[in-house]
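One structure below.
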Amino acid sequence: MKNNELITQDELQEERLFNSSLGRRSFLQFAGASAAGIALMAAGCRKDRNYGDTSTGATLDFKDDFGVLNYAYALEQLEAAFYVKVASAPPSTFTTAQKAYFQDIQFHEVAHREFFKNALGTAAIGSLEVDFSSIDFTSATSVLGAAMAFEDLGVAAYNGAGVRIKSTDYLVLAGKIVSVEARHAAYIRDIISNGTFADLASLAPLGAVNASGLDGALTPDKVLAIAGKYVKTKINVINL
Amino acid sequence: MNIVNILEEIEKVDGEIYERLSPRRNAMKDFYNIGKKISLAALPLAMGSMFQKAYGQTNPSTVNDVLGFALALEYLEWNYYNHALTLANTTYIPDGAPRAAITTIRNHERAHVDLLKGALGITGADGYVYADFDFTASGGFADVDSNYQTFLKVALAFEDTGVRAYKGQAPILKGNAVLTTALQIHSVEARHASHLRQMVAANVTGASGLKPWIAYSANGNDTGIAAVDAVYAGEQNTTQAGIQITGINGTTVSQSQAAECFDEFLTGAAVKTIANLFIKTGKKLT
């Protein structure tokens, strides 16, 4: 453990923070609950650094935005791990264009994962251990089916969690990500069967309403129940 | 406690901070006890929302304004597709998969119109009809009613604008049940955009490299269609919440992938400027 090092950094941050006075401009930035705000306040939370302990699983505490962000972080970890594995050895029937786009998707998900990790800082849960034993990575059908399931579920997860987000900045960020997941979902669905990019009737189990032109939206407990088969790490949910 | 120091610093530049945070005197007592009620790690977000309540009250927008704005955009999209599909000479939209895809999208836009009308309690005729629009954008897309390529270009501009428009309105709906519905429409528009990008790539001259997601371009516009620059302004952004996404944490995330993996929002004003290019005088959005 690097606890000593962390505490030293914290103390340095604290010193910097409280020796300089807060101008109005910097205060207004701070009020936006930006990532800088997290770094700032993380300085004061060394007693509560009990997230990210993989030995007892990961805890998603939905009492505040950190719970929602960690939830997104967990899902992005899962997606990234899947696409990293696909991109490392794509099914042999993938076309050159498909391989290139799966590379793109891989890096999109890796970027999302790393973004949440950095934004959460010390509040981040640990790395999840995945279980992809149900997926045949040599089969295009199996890989595409799993990719579609991940993307459609990701869209429904963000859509369902948005209303829980209290910070405007993070609500917008979730919105910036979810539409990219929807672009992925549509692309993958079109490979499986051209024209199914927005087959909302098939998405009814994820909360979509075809008659109203609405995509999926699921609460975190339902999403995690579906995603559970791909995760070995025990995920505890509290204050949902 | 640290947080008290912060408040004292703030008080030096804003003497009314305590009043802004809450007009009720006992609110501050709760605030001093905050550490017992929420974990210290949650403080920045709790403080952020507290301060936003204090300072963020100037936005006069209401939920119904947002829904009405969204409805106008859905009218535009629905009339565009419906006209193209029902026009006597729309042989320029090929039968089979292309016509089926446009029909799917048209039907979703109609469903959105009906949903939003219902949410706003509008029971009468549509607020916008085909005659209220000029889909040539004053001649900029003169052959939009006869040329498949032009039709697809305008359709893509509408869908990518729609995605950005809903995203930009989300903060006004924060915490409201309506937000979930808006997000469910938002991601459907993104699915449409993804598919239309593939249709554009397959059919529009010079656009074969267009991706389902918005790739990096110096001015944000990856479509090569200069007339729609405003639709993509800002999409070149690769920094999110102060975090540089290109090469983040030692990964090989490229500049383009960094721009692609976060879609940007447009302000209501920017969306109205784009939409008004296609709306006739007298019915323009204000």
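In the structure tokens, each chain is lettered A, B, ... as it comes, each chain's residues begin at 1, and ligands are numbered from 1 in order of appearance.
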
inquiry  = Need the shell around Lys153 of chain B: protein/DNA/RNA residues with any atom at most 12 Å away, counting only C-alpha atoms. Skip same-chain ones fewer than 5 positions apart. Format as number ranges by chain?
reply    = B: 135-136, 140-141, 143-144, 147-148, 158-160, 193, 196-205, 207, 210, 223-228, 231

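In this structure, atom CA of Asp65 of chain A sits 5.7 Å away from atom CA of Ile165 of chain A.
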
Notebook entry, point to check: Within 9 Å of Lys234 of chain A, counting only C-alpha atoms, which residues qualify if same-chain residues fewer than 5 places away don't, as number ranges by chain?
Noted result: A: 54, 56-59, 128, 228

Dump as a compact mmCIF listing (two decimals), in the first residue's frame, selection limited to all heavy atoms:
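And here is the file that came out, out21.txt:
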```txt
# COMPACT_ATOMS: atom_id res chain seq x y z
N THR A 54 -11.02 -4.78 -3.43
CA THR A 54 -11.51 -5.89 -4.24
C THR A 54 -11.64 -7.18 -3.45
O THR A 54 -12.31 -8.10 -3.88
CB THR A 54 -10.58 -6.13 -5.45
OG1 THR A 54 -9.24 -6.11 -4.98
CG2 THR A 54 -10.78 -5.09 -6.52
N THR A 56 -13.23 -7.70 -0.78
CA THR A 56 -14.60 -7.89 -0.31
C THR A 56 -15.60 -7.43 -1.37
O THR A 56 -16.75 -7.17 -1.07
CB THR A 56 -14.84 -7.09 0.98
OG1 THR A 56 -14.51 -5.72 0.73
CG2 THR A 56 -14.01 -7.62 2.12
N GLY A 57 -15.16 -7.31 -2.60
CA GLY A 57 -16.04 -6.86 -3.66
C GLY A 57 -16.04 -5.35 -3.78
O GLY A 57 -15.29 -4.66 -3.10
N ALA A 58 -16.88 -4.86 -4.68
CA ALA A 58 -16.98 -3.42 -4.90
C ALA A 58 -18.34 -2.96 -4.41
O ALA A 58 -19.34 -3.62 -4.63
CB ALA A 58 -16.82 -3.11 -6.38
N THR A 59 -18.34 -1.81 -3.74
CA THR A 59 -19.61 -1.29 -3.24
C THR A 59 -20.02 -0.05 -4.02
O THR A 59 -19.26 0.90 -4.14
CB THR A 59 -19.49 -0.94 -1.74
OG1 THR A 59 -19.21 -2.14 -1.02
CG2 THR A 59 -20.79 -0.32 -1.22
N LEU A 128 -12.62 -4.44 -11.63
CA LEU A 128 -13.50 -5.61 -11.57
C LEU A 128 -12.87 -6.79 -12.31
O LEU A 128 -12.20 -6.61 -13.32
CB LEU A 128 -14.85 -5.29 -12.22
CG LEU A 128 -15.68 -4.16 -11.62
CD1 LEU A 128 -17.00 -4.04 -12.36
CD2 LEU A 128 -15.92 -4.40 -10.13
N GLY A 228 -24.47 -9.13 -14.29
CA GLY A 228 -23.83 -9.96 -13.28
C GLY A 228 -23.13 -11.19 -13.83
O GLY A 228 -22.08 -11.59 -13.32
```

Test item: residues at most 6 Å from Gly207 of chain A, only C-alpha atoms, excluding those fewer than 3 positions along its chain, as number ranges by chain | A: 204, 216-217

Emit the selected residues as a PDB file, in the first residue's frame, including all heavy atoms.
```pdb
ATOM      1  N   ALA A 204     -37.767  -3.918 -25.764  1.00  0.00           N
ATOM      2  CA  ALA A 204     -38.784  -3.791 -24.704  1.00  0.00           C
ATOM      3  C   ALA A 204     -38.320  -4.376 -23.363  1.00  0.00           C
ATOM      4  O   ALA A 204     -38.590  -3.780 -22.309  1.00  0.00           O
ATOM      5  CB  ALA A 204     -40.102  -4.416 -25.151  1.00  0.00           C
ATOM      6  N   GLY A 216     -34.385   2.046 -24.452  1.00  0.00           N
ATOM      7  CA  GLY A 216     -34.397   1.401 -23.154  1.00  0.00           C
ATOM      8  C   GLY A 216     -34.011   2.346 -22.028  1.00  0.00           C
ATOM      9  O   GLY A 216     -33.331   3.344 -22.243  1.00  0.00           O
ATOM     10  N   ALA A 217     -34.457   2.012 -20.821  1.00  0.00           N
ATOM     11  CA  ALA A 217     -34.055   2.722 -19.601  1.00  0.00           C
ATOM     12  C   ALA A 217     -34.313   1.769 -18.446  1.00  0.00           C
ATOM     13  O   ALA A 217     -35.436   1.318 -18.264  1.00  0.00           O
ATOM     14  CB  ALA A 217     -34.849   4.010 -19.417  1.00  0.00           C
TER      15      ALA A 217
END
```

Determine which residues of segment 109-270 of chain B receive a DSSP assignment of strand (DSSP E), computed from the backbone, and state them as an MDAnalysis selection string.
chainID B and resid 239:240 243:244

Write the residues you've just listed into a file as an mmCIF file, in the first residue's frame, and include all heavy atoms for each of them.
```
data_model
loop_
_atom_site.group_PDB
_atom_site.id
_atom_site.type_symbol
_atom_site.label_atom_id
_atom_site.label_comp_id
_atom_site.auth_asym_id
_atom_site.auth_seq_id
_atom_site.Cartn_x
_atom_site.Cartn_y
_atom_site.Cartn_z
ATOM 1 N N THR B 239 -11.137 17.263 -24.535
ATOM 2 C CA THR B 239 -10.939 17.441 -23.091
ATOM 3 C C THR B 239 -12.285 17.411 -22.380
ATOM 4 O O THR B 239 -13.186 18.161 -22.736
ATOM 5 C CB THR B 239 -10.250 18.794 -22.803
ATOM 6 O OG1 THR B 239 -9.040 18.846 -23.543
ATOM 7 C CG2 THR B 239 -9.933 18.935 -21.325
ATOM 8 N N GLN B 240 -12.444 16.547 -21.404
ATOM 9 C CA GLN B 240 -13.706 16.421 -20.675
ATOM 10 C C GLN B 240 -13.473 16.646 -19.193
ATOM 11 O O GLN B 240 -12.627 15.986 -18.600
ATOM 12 C CB GLN B 240 -14.316 15.019 -20.898
ATOM 13 C CG GLN B 240 -14.537 14.659 -22.353
ATOM 14 C CD GLN B 240 -15.566 15.554 -23.047
ATOM 15 O OE1 GLN B 240 -16.380 16.224 -22.394
ATOM 16 N NE2 GLN B 240 -15.536 15.585 -24.372
ATOM 17 N N ILE B 243 -10.051 16.887 -18.147
ATOM 18 C CA ILE B 243 -9.197 15.712 -18.338
ATOM 19 C C ILE B 243 -8.953 15.501 -19.836
ATOM 20 O O ILE B 243 -9.911 15.387 -20.607
ATOM 21 C CB ILE B 243 -9.859 14.457 -17.725
ATOM 22 C CG1 ILE B 243 -10.037 14.628 -16.216
ATOM 23 C CG2 ILE B 243 -9.045 13.202 -18.053
ATOM 24 C CD1 ILE B 243 -10.921 13.572 -15.573
ATOM 25 N N GLN B 244 -7.693 15.486 -20.248
ATOM 26 C CA GLN B 244 -7.359 15.247 -21.658
ATOM 27 C C GLN B 244 -7.571 13.755 -21.961
ATOM 28 O O GLN B 244 -6.994 12.886 -21.318
ATOM 29 C CB GLN B 244 -5.906 15.647 -21.924
ATOM 30 C CG GLN B 244 -5.431 15.362 -23.334
ATOM 31 C CD GLN B 244 -6.301 16.007 -24.423
ATOM 32 O OE1 GLN B 244 -7.047 15.329 -25.125
ATOM 33 N NE2 GLN B 244 -6.232 17.331 -24.538
#
```

Any chance you could tabulate, as JSON lines, the residues of segment 159-261 of chain B at most 12 Å from segment 118-134 of chain B with each one's nearest atom pair and distance in Å to one decimal, using only C-alpha atoms, in chain and rising number order?
```
{"residue": "B:Ala177", "atom": "CA", "partner": "B:Ala119", "partner_atom": "CA", "distance": 11.9}
{"residue": "B:Val178", "atom": "CA", "partner": "B:Ala119", "partner_atom": "CA", "distance": 9.2}
{"residue": "B:Thr181", "atom": "CA", "partner": "B:Ala119", "partner_atom": "CA", "distance": 10.4}
{"residue": "B:Ala182", "atom": "CA", "partner": "B:Ala119", "partner_atom": "CA", "distance": 11.4}
```

task: as an MDAnalysis selection string, please: all residues of segment 24-248 of chain B that backbone DSSP puts in helix (DSSP H, G or I).
output: chainID B and resid 26:32 34:37 40:55 63:86 90:92 97:119 130:132 148:173 177:203 226:232 248

Taking 2 positions as the minimum chain separation for residues in the same chain, which residues sit within 6 Å of segment 79-94 of chain A when counting only C-alpha atoms? Answer as a PDB file with N, CA and C atoms, in the first residue's frame.
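The file below, part13.pdb, is the result:
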```pdb
ATOM      1  N   GLU A  76     -18.308   0.533 -17.735  1.00  0.00           N
ATOM      2  CA  GLU A  76     -17.285   0.838 -18.743  1.00  0.00           C
ATOM      3  C   GLU A  76     -16.099  -0.121 -18.606  1.00  0.00           C
ATOM      4  N   GLN A  77     -15.791  -0.520 -17.373  1.00  0.00           N
ATOM      5  CA  GLN A  77     -14.728  -1.518 -17.178  1.00  0.00           C
ATOM      6  C   GLN A  77     -15.086  -2.814 -17.910  1.00  0.00           C
ATOM      7  N   GLN A  98     -14.727  -3.761 -40.338  1.00  0.00           N
ATOM      8  CA  GLN A  98     -15.268  -4.127 -39.023  1.00  0.00           C
ATOM      9  C   GLN A  98     -14.167  -4.165 -37.964  1.00  0.00           C
ATOM     10  N   GLN A 103     -11.782  -1.633 -33.296  1.00  0.00           N
ATOM     11  CA  GLN A 103     -10.651  -0.964 -32.640  1.00  0.00           C
ATOM     12  C   GLN A 103     -11.104   0.368 -32.059  1.00  0.00           C
ATOM     13  N   GLN A 106     -13.235  -0.164 -29.048  1.00  0.00           N
ATOM     14  CA  GLN A 106     -12.363  -0.554 -27.938  1.00  0.00           C
ATOM     15  C   GLN A 106     -11.766   0.680 -27.261  1.00  0.00           C
ATOM     16  N   GLU A 109     -14.283   2.820 -25.311  1.00  0.00           N
ATOM     17  CA  GLU A 109     -14.644   2.279 -23.992  1.00  0.00           C
ATOM     18  C   GLU A 109     -13.481   2.394 -23.008  1.00  0.00           C
ATOM     19  N   VAL A 110     -12.269   2.193 -23.502  1.00  0.00           N
ATOM     20  CA  VAL A 110     -11.099   2.375 -22.642  1.00  0.00           C
ATOM     21  C   VAL A 110     -11.030   3.827 -22.176  1.00  0.00           C
ATOM     22  N   THR A 138     -14.050 -16.655 -30.886  1.00  0.00           N
ATOM     23  CA  THR A 138     -13.678 -17.000 -32.264  1.00  0.00           C
ATOM     24  C   THR A 138     -14.891 -16.906 -33.196  1.00  0.00           C
ATOM     25  N   SER A 139     -16.067 -16.785 -32.623  1.00  0.00           N
ATOM     26  CA  SER A 139     -17.291 -16.774 -33.410  1.00  0.00           C
ATOM     27  C   SER A 139     -17.827 -15.350 -33.572  1.00  0.00           C
ATOM     28  N   ALA A 140     -17.977 -14.904 -34.824  1.00  0.00           N
ATOM     29  CA  ALA A 140     -18.507 -13.564 -35.067  1.00  0.00           C
ATOM     30  C   ALA A 140     -19.916 -13.436 -34.483  1.00  0.00           C
TER      31      ALA A 140
END
```

Notebook entry, point to check: Near segment 156-161 of chain A, counting only C-alpha atoms, which residues have an atom at most 7 Å away, once you skip same-chain residues fewer than 5 positions from it, shown as a PyMOL selection string?
Noted result: (chain A and resi 174+178+206+216-220+223) or (chain B and resi 180+183-184)

Convert the current residue selection to file output with N, CA and C atoms, as a PDB file, in the first residue's frame.
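Full text of again-v6.pdb as output:
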```
ATOM      1  N   ALA A 174     -22.565  12.334 -18.759  1.00  0.00           N
ATOM      2  CA  ALA A 174     -23.255  11.064 -19.001  1.00  0.00           C
ATOM      3  C   ALA A 174     -23.991  11.134 -20.331  1.00  0.00           C
ATOM      4  N   VAL A 178     -23.584   8.527 -23.434  1.00  0.00           N
ATOM      5  CA  VAL A 178     -24.664   7.601 -23.800  1.00  0.00           C
ATOM      6  C   VAL A 178     -24.977   7.644 -25.290  1.00  0.00           C
ATOM      7  N   LEU A 206     -35.598  -4.142 -22.065  1.00  0.00           N
ATOM      8  CA  LEU A 206     -34.717  -3.165 -21.426  1.00  0.00           C
ATOM      9  C   LEU A 206     -35.463  -1.854 -21.135  1.00  0.00           C
ATOM     10  N   GLY A 216     -34.385   2.046 -24.452  1.00  0.00           N
ATOM     11  CA  GLY A 216     -34.397   1.401 -23.154  1.00  0.00           C
ATOM     12  C   GLY A 216     -34.011   2.346 -22.028  1.00  0.00           C
ATOM     13  N   ALA A 217     -34.457   2.012 -20.821  1.00  0.00           N
ATOM     14  CA  ALA A 217     -34.055   2.722 -19.601  1.00  0.00           C
ATOM     15  C   ALA A 217     -34.313   1.769 -18.446  1.00  0.00           C
ATOM     16  N   LEU A 218     -33.251   1.447 -17.710  1.00  0.00           N
ATOM     17  CA  LEU A 218     -33.386   0.511 -16.595  1.00  0.00           C
ATOM     18  C   LEU A 218     -32.739   1.073 -15.340  1.00  0.00           C
ATOM     19  N   THR A 219     -33.308   0.716 -14.197  1.00  0.00           N
ATOM     20  CA  THR A 219     -32.707   1.111 -12.929  1.00  0.00           C
ATOM     21  C   THR A 219     -31.444   0.274 -12.690  1.00  0.00           C
ATOM     22  N   PRO A 220     -30.515   0.802 -11.888  1.00  0.00           N
ATOM     23  CA  PRO A 220     -29.231   0.109 -11.687  1.00  0.00           C
ATOM     24  C   PRO A 220     -29.358  -1.343 -11.219  1.00  0.00           C
ATOM     25  N   VAL A 223     -30.044  -3.483 -14.221  1.00  0.00           N
ATOM     26  CA  VAL A 223     -28.874  -3.542 -15.107  1.00  0.00           C
ATOM     27  C   VAL A 223     -27.828  -4.487 -14.522  1.00  0.00           C
TER      28      VAL A 223
ATOM     29  N   THR B 180     -35.738  11.292 -17.940  1.00  0.00           N
ATOM     30  CA  THR B 180     -35.584   9.919 -18.417  1.00  0.00           C
ATOM     31  C   THR B 180     -36.198   9.772 -19.812  1.00  0.00           C
ATOM     32  N   LEU B 183     -34.022  11.442 -22.339  1.00  0.00           N
ATOM     33  CA  LEU B 183     -32.834  10.636 -22.626  1.00  0.00           C
ATOM     34  C   LEU B 183     -33.183   9.456 -23.525  1.00  0.00           C
ATOM     35  N   GLN B 184     -34.389   8.901 -23.325  1.00  0.00           N
ATOM     36  CA  GLN B 184     -34.809   7.763 -24.150  1.00  0.00           C
ATOM     37  C   GLN B 184     -35.035   8.197 -25.603  1.00  0.00           C
TER      38      GLN B 184
END
```

Judged by only C-alpha atoms, the minimum distance to chain A among B:Thr161, B:Thr86, B:Asn64, B:Ser187 is found for B:Ser187

In terms of only C-alpha atoms, the residue from A:Thr96, A:Thr196, A:Ser133, A:Asn239 at minimal distance from chain B is A:Thr196

Margin query: as a PyMOL selection string, please: the residues near Thr273 of chain B (cut-off 12 Å, only C-alpha atoms, same-chain neighbours under 6 positions excluded).
Written below: chain B and resi 73+137+161+165+228+230-231+266-267+279+284-286
